[in-house]
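Notes to accompany the following structure.
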Amino acid sequence: MATVQMDRLLDTTVQQNASDLHLTVGKPPTLRMGGHLKELKTKVLEPADTAALMKSIAPERAQHELQEMGTADFGFGFQDKARFRVSIFRVKGNLSLVLRRIPTDLLSFDQIGLPKIVSDLCRRPRGLFLVTGPTGSGKTTTLASMINFINETMDHHIITIEDPIEYYHPHKTSIVNQREVGTDVPSFAEALRRALRQDPDVVLVGEMRDLETIEAAVQAAETGHLVFGTLHTTGASGTITRLIDAFPVAQQDQIRVQLSTGLMAVLSQQLLPRIDRKGMVASYEFLVVTPAVQNLIRENKTFRIDSAIQTGRKFGMQLLDDHLWSLYSKGVISPEQLVDKSKNPQDMTVKLQRAGGSVSRPEMKDDGADEAG
């Protein structure tokens, strides 16, 4: 019974083009659409419902992990319609599930709106390319596009280390071996160390969440591999500071030197609801590591990276706030989103007022309520 019900819920998620499905006790199943939550017109879920829905999709491994840790993550395919990344967790003794839909279509750089220089950077033989941003900002989709570009245009051996595997990459011109943490290998750091003995050209590290993994990724980039990684940071300078701060003080000078030579680019992104409610749009901050930026990293002057991005437009660089302003000027995003997602909300508010615009908070709340209703 639960399997049939889960199939119907997943079908609705795909048909409505929702990004997430929330299943929690005390609420009907709820979709996230265009950044807003929308309840489905079905029964309110009870503890037995979420438990049965969990059992209908969770593999044995995830159910064991849930018992031991109180939470579990895994990925699974729903027929040939979509893949989902699932997080199960306990709330006041009951089970809640969040299913993030991973589209099956791999997008081109133009469709995502990435700077043209990204394709040149993907052709480089070595270096560390970081894609950063908060959870749900589209990092996975951007990285999948880059891996697909390499897979289609170059004869490389690509190893991805993911938790869980989200986009599936068939072998094309390249060989793509995708390893899942917890199933194929115990940890990111261990997989990364092993990967260097597997003749890779390109390594994707799904998450650089600890010192060991960061260290291994920097080392892999230094030893002649193209390494892609993600961090939950906002902005290029903040990302570099976060990487350096992950190391003990005694090692920080050394890592600055290593990053100055190994880091190739930082793409920091956010997803914003479009003003026409037709889905989401990505805004980017993009840093390409030029000799001038290398000096700033080495000399511990990351606070000057924003001005280096401003003067580096010919390399395809752009500041997040400049891209947000451009999206607002084109009528793509609301003034509220412009201010809320900017790195300098006060400066942005002043700029908005000078241009004759204003932020209207109560209206924004009403909009959200209408969408959810």
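To be explicit about the labels: the chains of the structure tokens are called A, B, and onward in the order shown, and within each one the residues are counted from 1, while ligands get numbers from 1 in the order they are shown.
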Report the residues of segment 40-155 of chain A whose backbone DSSP state falls under strand (DSSP E or B), written as an NGL selection string.
:A and (71-78 or 82-91 or 94-102 or 127-132)
Polymer residues at most 12 Å from Val185 of chain A, only C-alpha atoms, same-chain spacing of 3 or more positions, as a PyMOL selection string
chain A and resi 160-164+178-182+188-195
Taking C-alpha atoms for each residue, export the selection above as a PDB file, in the first residue's frame.
```
ATOM      1  CA  THR A 160      33.419  10.994  -8.646  1.00  0.00           C
ATOM      2  CA  ILE A 161      33.092  10.564  -4.871  1.00  0.00           C
ATOM      3  CA  GLU A 162      29.541  11.347  -3.754  1.00  0.00           C
ATOM      4  CA  ASP A 163      27.217  10.927  -0.777  1.00  0.00           C
ATOM      5  CA  PRO A 164      24.849   9.833  -2.255  1.00  0.00           C
ATOM      6  CA  GLN A 178      31.111   7.022  -9.593  1.00  0.00           C
ATOM      7  CA  ARG A 179      31.781   5.895  -6.011  1.00  0.00           C
ATOM      8  CA  GLU A 180      29.265   6.278  -3.203  1.00  0.00           C
ATOM      9  CA  VAL A 181      30.461   7.024   0.327  1.00  0.00           C
ATOM     10  CA  GLY A 182      29.040   4.421   2.720  1.00  0.00           C
ATOM     11  CA  PHE A 188      35.586  11.103   1.237  1.00  0.00           C
ATOM     12  CA  ALA A 189      39.199  11.366   2.431  1.00  0.00           C
ATOM     13  CA  GLU A 190      39.817   7.623   2.033  1.00  0.00           C
ATOM     14  CA  ALA A 191      38.230   7.585  -1.457  1.00  0.00           C
ATOM     15  CA  LEU A 192      40.337  10.568  -2.504  1.00  0.00           C
ATOM     16  CA  ARG A 193      43.568   8.949  -1.308  1.00  0.00           C
ATOM     17  CA  ARG A 194      42.710   5.729  -3.159  1.00  0.00           C
ATOM     18  CA  ALA A 195      41.633   7.628  -6.290  1.00  0.00           C
TER      19      ALA A 195
END
```
List the spatial neighbours of segment 110-121 of chain A as a ChimeraX atom specification - criterion: any atom at most 12 Å away, only C-alpha atoms, same-chain residues fewer than 6 positions off excluded.
/A:127-131,138-150,152-154,226-228,263-269,271,280-289,313-318,323,327
Since we have the selection now, will you write its residues out, keeping N, CA and C atoms, as a compact mmCIF listing (two decimals), in the first residue's frame?
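Output (out_8.txt):
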```txt
# COMPACT_ATOMS: atom_id res chain seq x y z
N GLY A 127 44.49 21.40 -11.33
CA GLY A 127 43.99 22.55 -10.56
C GLY A 127 42.74 22.19 -9.77
N LEU A 128 42.41 23.06 -8.81
CA LEU A 128 41.25 22.85 -7.93
C LEU A 128 40.17 23.86 -8.33
N PHE A 129 39.00 23.35 -8.68
CA PHE A 129 37.86 24.20 -9.07
C PHE A 129 36.78 24.00 -8.02
N LEU A 130 36.47 25.06 -7.26
CA LEU A 130 35.49 24.94 -6.17
C LEU A 130 34.15 25.54 -6.58
N VAL A 131 33.07 24.80 -6.32
CA VAL A 131 31.71 25.32 -6.52
C VAL A 131 31.09 25.40 -5.13
N GLY A 138 22.03 24.60 -6.06
CA GLY A 138 22.27 24.10 -7.42
C GLY A 138 23.71 23.70 -7.70
N LYS A 139 24.51 23.52 -6.64
CA LYS A 139 25.93 23.14 -6.83
C LYS A 139 26.05 21.81 -7.57
N THR A 140 25.22 20.84 -7.18
CA THR A 140 25.28 19.50 -7.79
C THR A 140 25.00 19.57 -9.28
N THR A 141 24.00 20.37 -9.67
CA THR A 141 23.64 20.50 -11.09
C THR A 141 24.78 21.14 -11.88
N THR A 142 25.40 22.17 -11.30
CA THR A 142 26.51 22.85 -11.97
C THR A 142 27.68 21.89 -12.17
N LEU A 143 28.02 21.14 -11.13
CA LEU A 143 29.14 20.19 -11.22
C LEU A 143 28.82 19.07 -12.21
N ALA A 144 27.56 18.61 -12.22
CA ALA A 144 27.17 17.55 -13.16
C ALA A 144 27.34 18.03 -14.60
N SER A 145 27.04 19.32 -14.85
CA SER A 145 27.20 19.88 -16.19
C SER A 145 28.67 19.90 -16.59
N MET A 146 29.54 20.23 -15.64
CA MET A 146 30.98 20.28 -15.93
C MET A 146 31.52 18.87 -16.22
N ILE A 147 31.10 17.90 -15.39
CA ILE A 147 31.55 16.51 -15.61
C ILE A 147 31.03 16.01 -16.96
N ASN A 148 29.79 16.35 -17.29
CA ASN A 148 29.21 15.92 -18.56
C ASN A 148 29.96 16.54 -19.75
N PHE A 149 30.35 17.82 -19.60
CA PHE A 149 31.10 18.51 -20.67
C PHE A 149 32.43 17.78 -20.93
N ILE A 150 33.13 17.44 -19.84
CA ILE A 150 34.41 16.72 -19.97
C ILE A 150 34.17 15.34 -20.57
N GLU A 152 31.88 14.36 -22.55
CA GLU A 152 31.51 14.40 -23.98
C GLU A 152 32.65 14.86 -24.88
N THR A 153 33.57 15.67 -24.34
CA THR A 153 34.56 16.31 -25.22
C THR A 153 35.99 15.82 -25.06
N MET A 154 36.28 15.05 -24.00
CA MET A 154 37.67 14.62 -23.76
C MET A 154 37.74 13.14 -23.39
N LEU A 226 42.86 17.33 -12.22
CA LEU A 226 41.82 18.36 -12.19
C LEU A 226 40.82 17.92 -11.13
N VAL A 227 40.67 18.73 -10.07
CA VAL A 227 39.82 18.35 -8.93
C VAL A 227 38.67 19.34 -8.80
N PHE A 228 37.46 18.82 -8.74
CA PHE A 228 36.27 19.64 -8.48
C PHE A 228 35.80 19.33 -7.07
N LEU A 263 44.79 26.39 -6.62
CA LEU A 263 43.40 26.81 -6.84
C LEU A 263 43.27 27.48 -8.21
N MET A 264 42.25 27.07 -8.95
CA MET A 264 42.06 27.54 -10.32
C MET A 264 40.90 28.54 -10.41
N ALA A 265 39.81 28.23 -9.72
CA ALA A 265 38.62 29.09 -9.78
C ALA A 265 37.68 28.78 -8.62
N VAL A 266 36.88 29.78 -8.25
CA VAL A 266 35.81 29.59 -7.26
C VAL A 266 34.53 30.14 -7.88
N LEU A 267 33.52 29.28 -7.97
CA LEU A 267 32.21 29.69 -8.46
C LEU A 267 31.25 29.58 -7.29
N SER A 268 30.75 30.73 -6.82
CA SER A 268 29.85 30.74 -5.66
C SER A 268 28.45 31.07 -6.17
N GLN A 269 27.47 30.25 -5.84
CA GLN A 269 26.15 30.48 -6.43
C GLN A 269 25.01 30.40 -5.42
N LEU A 271 20.42 30.15 -5.52
CA LEU A 271 19.22 30.02 -6.34
C LEU A 271 18.15 30.95 -5.79
N MET A 280 13.24 28.82 -10.78
CA MET A 280 14.32 29.50 -10.07
C MET A 280 15.35 30.02 -11.06
N VAL A 281 16.16 30.98 -10.61
CA VAL A 281 17.27 31.47 -11.43
C VAL A 281 18.52 31.49 -10.55
N ALA A 282 19.68 31.18 -11.14
CA ALA A 282 20.93 31.15 -10.36
C ALA A 282 21.65 32.49 -10.47
N SER A 283 22.21 32.93 -9.36
CA SER A 283 23.10 34.10 -9.39
C SER A 283 24.49 33.62 -8.99
N TYR A 284 25.50 34.21 -9.61
CA TYR A 284 26.87 33.72 -9.44
C TYR A 284 27.84 34.79 -8.97
N GLU A 285 28.82 34.34 -8.19
CA GLU A 285 30.07 35.11 -8.03
C GLU A 285 31.16 34.22 -8.60
N PHE A 286 32.03 34.78 -9.40
CA PHE A 286 33.02 33.95 -10.10
C PHE A 286 34.41 34.56 -9.98
N LEU A 287 35.33 33.78 -9.41
CA LEU A 287 36.73 34.19 -9.28
C LEU A 287 37.61 33.27 -10.10
N VAL A 288 38.42 33.83 -10.97
CA VAL A 288 39.44 33.06 -11.68
C VAL A 288 40.77 33.44 -11.02
N VAL A 289 41.57 32.44 -10.66
CA VAL A 289 42.82 32.74 -9.94
C VAL A 289 43.91 33.13 -10.95
N ARG A 313 37.02 41.58 -14.95
CA ARG A 313 35.85 41.24 -15.80
C ARG A 313 36.26 40.61 -17.12
N LYS A 314 37.43 41.01 -17.65
CA LYS A 314 37.85 40.46 -18.96
C LYS A 314 38.13 38.96 -18.86
N PHE A 315 38.34 38.45 -17.63
CA PHE A 315 38.55 37.00 -17.43
C PHE A 315 37.23 36.29 -17.14
N GLY A 316 36.12 37.02 -17.20
CA GLY A 316 34.81 36.42 -16.92
C GLY A 316 34.43 36.50 -15.45
N MET A 317 35.20 37.24 -14.66
CA MET A 317 34.91 37.33 -13.21
C MET A 317 33.73 38.26 -12.97
N GLN A 318 32.99 37.97 -11.89
CA GLN A 318 31.92 38.88 -11.49
C GLN A 318 31.60 38.72 -10.01
N HIS A 323 25.90 40.62 -10.12
CA HIS A 323 25.02 39.73 -10.89
C HIS A 323 23.58 39.83 -10.39
N LEU A 327 20.24 40.87 -12.55
CA LEU A 327 18.99 40.09 -12.60
C LEU A 327 17.79 40.96 -12.20
```
Which residue of A:Pro47, A:Gly136, A:Gly262, A:Gly34 approaches Arg124 of chain A most closely, using only C-alpha atoms:
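Once distances to Arg124 of chain A are computed over only C-alpha atoms, the minimum belongs to A:Gly262.
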Where in segment 85-154 of chain A does DSSP assign alpha helix (DSSP H), given as a list in words?
Phe109, Asp110, Gln111, Ile112, Ile117, Val118, Ser119, Asp120, Leu121, Cys122, Lys139, Thr140, Thr141, Thr142, Leu143, Ala144, Ser145, Met146, Ile147, Asn148, Phe149, Ile150, Asn151, Glu152 and Thr153 of chain A
Give me the residues within 9 Å of segment 11-15 of chain A as a PyMOL selection string, counting only C-alpha atoms and dropping any in the same chain fewer than 5 places off.
chain A and resi 6+20-21+31-32+78+81-82+101+103
Produce a file of the selected residues containing all heavy atoms, as an mmCIF file, in the first residue's frame.
```
data_model
loop_
_atom_site.group_PDB
_atom_site.id
_atom_site.type_symbol
_atom_site.label_atom_id
_atom_site.label_comp_id
_atom_site.auth_asym_id
_atom_site.auth_seq_id
_atom_site.Cartn_x
_atom_site.Cartn_y
_atom_site.Cartn_z
ATOM 1 N N MET A 6 3.597 6.030 -2.277
ATOM 2 C CA MET A 6 4.845 6.749 -2.524
ATOM 3 C C MET A 6 5.000 7.018 -4.020
ATOM 4 O O MET A 6 5.411 8.106 -4.418
ATOM 5 C CB MET A 6 6.039 5.947 -1.979
ATOM 6 C CG MET A 6 7.364 6.664 -2.131
ATOM 7 S SD MET A 6 7.409 8.305 -1.356
ATOM 8 C CE MET A 6 8.301 7.962 0.141
ATOM 9 N N ASP A 20 11.375 19.655 -4.129
ATOM 10 C CA ASP A 20 11.450 18.796 -2.945
ATOM 11 C C ASP A 20 10.061 18.302 -2.557
ATOM 12 O O ASP A 20 9.056 18.970 -2.807
ATOM 13 C CB ASP A 20 12.020 19.567 -1.742
ATOM 14 C CG ASP A 20 13.407 20.098 -1.991
ATOM 15 O OD1 ASP A 20 13.542 21.180 -2.598
ATOM 16 O OD2 ASP A 20 14.372 19.434 -1.586
ATOM 17 N N LEU A 21 10.059 17.143 -1.905
ATOM 18 C CA LEU A 21 8.839 16.593 -1.301
ATOM 19 C C LEU A 21 9.116 16.415 0.189
ATOM 20 O O LEU A 21 10.079 15.735 0.567
ATOM 21 C CB LEU A 21 8.489 15.245 -1.955
ATOM 22 C CG LEU A 21 7.405 14.389 -1.275
ATOM 23 C CD1 LEU A 21 6.045 15.095 -1.297
ATOM 24 C CD2 LEU A 21 7.300 13.022 -1.953
ATOM 25 N N LEU A 31 4.974 20.008 -1.117
ATOM 26 C CA LEU A 31 5.970 20.210 -2.180
ATOM 27 C C LEU A 31 6.627 21.566 -2.024
ATOM 28 O O LEU A 31 5.996 22.521 -1.551
ATOM 29 C CB LEU A 31 5.299 20.153 -3.567
ATOM 30 C CG LEU A 31 4.578 18.862 -3.953
ATOM 31 C CD1 LEU A 31 3.936 19.026 -5.321
ATOM 32 C CD2 LEU A 31 5.528 17.672 -3.953
ATOM 33 N N ARG A 32 7.909 21.659 -2.429
ATOM 34 C CA ARG A 32 8.535 22.972 -2.565
ATOM 35 C C ARG A 32 8.556 23.311 -4.051
ATOM 36 O O ARG A 32 9.142 22.588 -4.845
ATOM 37 C CB ARG A 32 9.957 23.000 -2.001
ATOM 38 C CG ARG A 32 10.561 24.417 -2.057
ATOM 39 C CD ARG A 32 11.941 24.491 -1.435
ATOM 40 N NE ARG A 32 11.941 24.360 0.013
ATOM 41 C CZ ARG A 32 11.648 25.349 0.860
ATOM 42 N NH1 ARG A 32 11.291 26.542 0.407
ATOM 43 N NH2 ARG A 32 11.697 25.153 2.157
ATOM 44 N N PHE A 78 13.499 6.867 -9.552
ATOM 45 C CA PHE A 78 12.062 6.623 -9.650
ATOM 46 C C PHE A 78 11.734 6.353 -11.117
ATOM 47 O O PHE A 78 11.675 7.274 -11.922
ATOM 48 C CB PHE A 78 11.290 7.832 -9.113
ATOM 49 C CG PHE A 78 9.809 7.767 -9.359
ATOM 50 C CD1 PHE A 78 9.066 6.664 -8.953
ATOM 51 C CD2 PHE A 78 9.143 8.818 -9.996
ATOM 52 C CE1 PHE A 78 7.701 6.604 -9.176
ATOM 53 C CE2 PHE A 78 7.784 8.761 -10.217
ATOM 54 C CZ PHE A 78 7.058 7.650 -9.811
ATOM 55 N N LYS A 81 11.895 8.482 -14.613
ATOM 56 C CA LYS A 81 11.407 9.869 -14.577
ATOM 57 C C LYS A 81 12.339 10.826 -13.843
ATOM 58 O O LYS A 81 12.456 11.985 -14.208
ATOM 59 C CB LYS A 81 10.026 9.912 -13.920
ATOM 60 C CG LYS A 81 8.971 9.153 -14.719
ATOM 61 C CD LYS A 81 7.646 9.168 -14.012
ATOM 62 C CE LYS A 81 6.609 8.350 -14.770
ATOM 63 N NZ LYS A 81 5.321 8.303 -14.067
ATOM 64 N N ALA A 82 12.971 10.360 -12.785
ATOM 65 C CA ALA A 82 13.832 11.252 -11.986
ATOM 66 C C ALA A 82 14.624 10.430 -10.986
ATOM 67 O O ALA A 82 14.295 9.278 -10.714
ATOM 68 C CB ALA A 82 12.975 12.278 -11.236
ATOM 69 N N ARG A 101 14.409 16.307 -5.573
ATOM 70 C CA ARG A 101 14.371 15.778 -6.946
ATOM 71 C C ARG A 101 15.618 16.209 -7.711
ATOM 72 O O ARG A 101 15.981 17.374 -7.715
ATOM 73 C CB ARG A 101 13.129 16.286 -7.679
ATOM 74 C CG ARG A 101 12.953 15.690 -9.080
ATOM 75 C CD ARG A 101 11.614 16.077 -9.658
ATOM 76 N NE ARG A 101 11.513 17.510 -9.903
ATOM 77 C CZ ARG A 101 11.836 18.092 -11.059
ATOM 78 N NH1 ARG A 101 12.277 17.388 -12.066
ATOM 79 N NH2 ARG A 101 11.710 19.394 -11.200
ATOM 80 N N PRO A 103 16.916 16.362 -11.382
ATOM 81 C CA PRO A 103 16.456 16.186 -12.766
ATOM 82 C C PRO A 103 17.361 15.199 -13.513
ATOM 83 O O PRO A 103 18.557 15.120 -13.241
ATOM 84 C CB PRO A 103 16.575 17.597 -13.370
ATOM 85 C CG PRO A 103 16.633 18.514 -12.194
ATOM 86 C CD PRO A 103 17.271 17.740 -11.084
#
```
If you count only C-alpha atoms, which residues fall within 9 Å of Tyr328 of chain A, apart from same-chain ones fewer than 6 positions away, as a PDB file with N, CA and C atoms, in the first residue's frame?
```pdb
ATOM      1  N   SER A 334      12.825  39.829  -7.532  1.00  0.00           N
ATOM      2  CA  SER A 334      12.168  40.919  -6.799  1.00  0.00           C
ATOM      3  C   SER A 334      13.197  41.733  -6.017  1.00  0.00           C
ATOM      4  N   PRO A 335      12.837  42.978  -5.632  1.00  0.00           N
ATOM      5  CA  PRO A 335      13.752  43.779  -4.812  1.00  0.00           C
ATOM      6  C   PRO A 335      14.061  43.098  -3.467  1.00  0.00           C
ATOM      7  N   GLN A 337      14.354  39.811  -2.883  1.00  0.00           N
ATOM      8  CA  GLN A 337      15.384  38.800  -3.122  1.00  0.00           C
ATOM      9  C   GLN A 337      16.743  39.464  -3.361  1.00  0.00           C
ATOM     10  N   LEU A 338      16.723  40.567  -4.088  1.00  0.00           N
ATOM     11  CA  LEU A 338      17.962  41.311  -4.382  1.00  0.00           C
ATOM     12  C   LEU A 338      18.684  41.671  -3.084  1.00  0.00           C
TER      13      LEU A 338
END
```
Env of segment 354-356 of chain A: 12 Å cut, atoms = only C-alpha atoms, seq-sep filter 3 positions within chain, self excluded. Answer as number ranges by chain.
A: 325, 328-329, 335, 347-351, 359
File of the preceding selection, N, CA, C and O atoms, as a PDB file, in the first residue's frame:
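See result.pdb below for the written result:
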```pdb
ATOM      1  N   TRP A 325      22.200  42.477  -9.094  1.00  0.00           N
ATOM      2  CA  TRP A 325      21.680  43.754  -9.595  1.00  0.00           C
ATOM      3  C   TRP A 325      21.262  43.625 -11.055  1.00  0.00           C
ATOM      4  O   TRP A 325      20.233  44.152 -11.473  1.00  0.00           O
ATOM      5  N   TYR A 328      17.988  41.819 -11.197  1.00  0.00           N
ATOM      6  CA  TYR A 328      16.913  42.718 -10.759  1.00  0.00           C
ATOM      7  C   TYR A 328      16.581  43.732 -11.861  1.00  0.00           C
ATOM      8  O   TYR A 328      15.415  43.969 -12.170  1.00  0.00           O
ATOM      9  N   SER A 329      17.611  44.289 -12.489  1.00  0.00           N
ATOM     10  CA  SER A 329      17.416  45.301 -13.542  1.00  0.00           C
ATOM     11  C   SER A 329      16.656  44.729 -14.730  1.00  0.00           C
ATOM     12  O   SER A 329      15.915  45.433 -15.405  1.00  0.00           O
ATOM     13  N   PRO A 335      12.837  42.978  -5.632  1.00  0.00           N
ATOM     14  CA  PRO A 335      13.752  43.779  -4.812  1.00  0.00           C
ATOM     15  C   PRO A 335      14.061  43.098  -3.467  1.00  0.00           C
ATOM     16  O   PRO A 335      15.157  43.233  -2.935  1.00  0.00           O
ATOM     17  N   ASP A 347      24.310  48.261   1.623  1.00  0.00           N
ATOM     18  CA  ASP A 347      24.728  48.964   0.402  1.00  0.00           C
ATOM     19  C   ASP A 347      23.704  48.754  -0.709  1.00  0.00           C
ATOM     20  O   ASP A 347      23.380  49.667  -1.467  1.00  0.00           O
ATOM     21  N   MET A 348      23.194  47.519  -0.797  1.00  0.00           N
ATOM     22  CA  MET A 348      22.240  47.198  -1.862  1.00  0.00           C
ATOM     23  C   MET A 348      20.936  47.958  -1.675  1.00  0.00           C
ATOM     24  O   MET A 348      20.322  48.411  -2.643  1.00  0.00           O
ATOM     25  N   THR A 349      20.495  48.113  -0.407  1.00  0.00           N
ATOM     26  CA  THR A 349      19.261  48.860  -0.126  1.00  0.00           C
ATOM     27  C   THR A 349      19.413  50.321  -0.567  1.00  0.00           C
ATOM     28  O   THR A 349      18.508  50.889  -1.185  1.00  0.00           O
ATOM     29  N   VAL A 350      20.574  50.892  -0.272  1.00  0.00           N
ATOM     30  CA  VAL A 350      20.846  52.291  -0.671  1.00  0.00           C
ATOM     31  C   VAL A 350      20.829  52.408  -2.201  1.00  0.00           C
ATOM     32  O   VAL A 350      20.207  53.309  -2.773  1.00  0.00           O
ATOM     33  N   LYS A 351      21.493  51.469  -2.870  1.00  0.00           N
ATOM     34  CA  LYS A 351      21.554  51.473  -4.341  1.00  0.00           C
ATOM     35  C   LYS A 351      20.147  51.345  -4.929  1.00  0.00           C
ATOM     36  O   LYS A 351      19.791  52.016  -5.904  1.00  0.00           O
ATOM     37  N   VAL A 359      11.954  48.012  -0.899  1.00  0.00           N
ATOM     38  CA  VAL A 359      11.657  46.657  -0.413  1.00  0.00           C
ATOM     39  C   VAL A 359      10.347  46.713   0.350  1.00  0.00           C
ATOM     40  O   VAL A 359      10.164  47.562   1.218  1.00  0.00           O
TER      41      VAL A 359
END
```
Skipping near chain neighbours, those fewer than 4 positions away, what residues fall within 10 Å of segment 56-60 of chain A using only C-alpha atoms, listed as a PyMOL selection string?
chain A and resi 1-7+50-52+64-66+72-78+86-88
Report, in Å to a single decimal, how far apart atom CA of Thr230 of chain A and atom CA of Glu207 of chain A are.
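Between these atoms lies a distance of 5.2 Å.
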